[in-house]
Amino acid sequence: MSEIPSNLYYFESTFDPNKITVLNLRSILVTYHVRYPSAAKKAELVALFQEHILPLREQVLAQRAQVKPSSEGIIDGRNPGK
């Protein structure tokens with residue numbers, strides 16, 4: 001598989017969810033629509049990450065690999081008619 005984009009750092013094989021902040025863990029969980037208690041401690045968030053996010057790794061990276069660069073939908077603001 002190709003190199004993992006920096007915004008998906010949490011899918012790196014060496015990533016340790018215990019080493020990031022609670023805020024970052026919450027952000028990742030929200031990105032994938034994983035619900036968690038507002039008073040959840042870090043250990044609970046790490047467990048949710050391992051249960052819900054890690055299993056998505058191959059699927060997310062495979063989808064990402066299929067995206068091809070395109071100029072479709074891009075409008076030239078200097079020459080809108082082109």
# chains A, B, ... in the order shown; residues from 1 in each chain; ligands from 1

call {"tool": "residues_around", "arguments": {"residues": "region 4-19 of chain A", "least_positions_apart": "2", "cutoff": "10 Å", "atoms": "only C-alpha atoms", "output": "mmCIF file with N, CA and C atoms, in the first residue's frame"}}
result
data_model
loop_
_atom_site.group_PDB
_atom_site.id
_atom_site.type_symbol
_atom_site.label_atom_id
_atom_site.label_comp_id
_atom_site.auth_asym_id
_atom_site.auth_seq_id
_atom_site.Cartn_x
_atom_site.Cartn_y
_atom_site.Cartn_z
ATOM 1 N N MET A 1 0.848 -1.177 0.000
ATOM 2 C CA MET A 1 0.000 0.000 0.000
ATOM 3 C C MET A 1 0.889 1.233 0.000
ATOM 4 N N SER A 2 0.402 2.305 -0.585
ATOM 5 C CA SER A 2 1.200 3.522 -0.689
ATOM 6 C C SER A 2 1.351 4.199 0.675
ATOM 7 N N THR A 21 -3.376 13.526 22.624
ATOM 8 C CA THR A 21 -4.230 14.170 23.620
ATOM 9 C C THR A 21 -5.665 13.657 23.535
ATOM 10 N N VAL A 22 -6.387 13.866 24.604
ATOM 11 C CA VAL A 22 -7.807 13.517 24.640
ATOM 12 C C VAL A 22 -8.544 14.291 23.547
ATOM 13 N N ASN A 24 -7.431 15.273 20.643
ATOM 14 C CA ASN A 24 -7.184 14.634 19.345
ATOM 15 C C ASN A 24 -7.935 13.311 19.214
ATOM 16 N N LEU A 25 -7.997 12.546 20.285
ATOM 17 C CA LEU A 25 -8.767 11.297 20.252
ATOM 18 C C LEU A 25 -10.238 11.588 19.977
ATOM 19 N N ILE A 28 -10.784 12.483 16.303
ATOM 20 C CA ILE A 28 -10.766 11.305 15.422
ATOM 21 C C ILE A 28 -12.084 10.545 15.539
ATOM 22 N N LYS A 42 -9.536 9.153 29.150
ATOM 23 C CA LYS A 42 -8.667 8.809 28.026
ATOM 24 C C LYS A 42 -8.673 7.312 27.738
ATOM 25 N N ALA A 43 -8.639 6.493 28.768
ATOM 26 C CA ALA A 43 -8.629 5.040 28.567
ATOM 27 C C ALA A 43 -9.873 4.579 27.801
ATOM 28 N N LEU A 45 -11.618 6.440 25.687
ATOM 29 C CA LEU A 45 -11.487 6.934 24.315
ATOM 30 C C LEU A 45 -10.519 6.072 23.508
ATOM 31 N N VAL A 46 -9.436 5.656 24.144
ATOM 32 C CA VAL A 46 -8.473 4.770 23.477
ATOM 33 C C VAL A 46 -9.157 3.450 23.120
ATOM 34 N N ALA A 47 -9.946 2.913 24.027
ATOM 35 C CA ALA A 47 -10.658 1.655 23.763
ATOM 36 C C ALA A 47 -11.631 1.817 22.595
ATOM 37 N N PHE A 49 -11.344 4.000 20.176
ATOM 38 C CA PHE A 49 -10.490 4.130 18.990
ATOM 39 C C PHE A 49 -10.104 2.741 18.481
ATOM 40 N N GLN A 50 -9.650 1.899 19.381
ATOM 41 C CA GLN A 50 -9.213 0.556 18.992
ATOM 42 C C GLN A 50 -10.373 -0.297 18.482
ATOM 43 N N ILE A 53 -12.121 2.543 15.160
ATOM 44 C CA ILE A 53 -11.316 3.221 14.141
ATOM 45 C C ILE A 53 -10.307 2.274 13.492
ATOM 46 N N LEU A 54 -9.556 1.552 14.300
ATOM 47 C CA LEU A 54 -8.534 0.664 13.736
ATOM 48 C C LEU A 54 -9.084 -0.333 12.715
ATOM 49 N N PRO A 55 -10.272 -0.916 12.940
ATOM 50 C CA PRO A 55 -10.795 -1.847 11.934
ATOM 51 C C PRO A 55 -11.100 -1.194 10.579
ATOM 52 N N LEU A 56 -11.191 0.130 10.543
ATOM 53 C CA LEU A 56 -11.482 0.845 9.299
ATOM 54 C C LEU A 56 -10.237 1.117 8.462
ATOM 55 N N ARG A 57 -9.076 0.834 9.010
ATOM 56 C CA ARG A 57 -7.805 1.212 8.384
ATOM 57 C C ARG A 57 -7.718 0.807 6.915
ATOM 58 N N GLU A 58 -7.857 -0.457 6.625
ATOM 59 C CA GLU A 58 -7.695 -0.947 5.251
ATOM 60 C C GLU A 58 -8.746 -0.351 4.321
ATOM 61 N N VAL A 60 -10.463 2.556 4.624
ATOM 62 C CA VAL A 60 -10.232 3.986 4.412
ATOM 63 C C VAL A 60 -9.037 4.206 3.493
ATOM 64 N N LEU A 61 -7.963 3.486 3.733
ATOM 65 C CA LEU A 61 -6.769 3.658 2.906
ATOM 66 C C LEU A 61 -7.000 3.180 1.474
ATOM 67 N N ARG A 64 -9.015 5.847 -0.246
ATOM 68 C CA ARG A 64 -8.134 6.995 -0.487
ATOM 69 C C ARG A 64 -7.239 6.738 -1.708
ATOM 70 N N ALA A 65 -6.782 5.510 -1.865
ATOM 71 C CA ALA A 65 -5.899 5.165 -2.977
ATOM 72 C C ALA A 65 -6.619 5.227 -4.323
#

call {"tool": "select_by_dssp", "arguments": {"residues": "chain A", "states": "helix (DSSP H, G or I)", "output": "ChimeraX atom specification"}}
result
/A:6-11,17-19,22-31,42-66

call {"tool": "atom_distance", "arguments": {"atom1": "CA of Ser27 (chain A)", "atom2": "CA of Val67 (chain A)"}}
result
23.6 Å
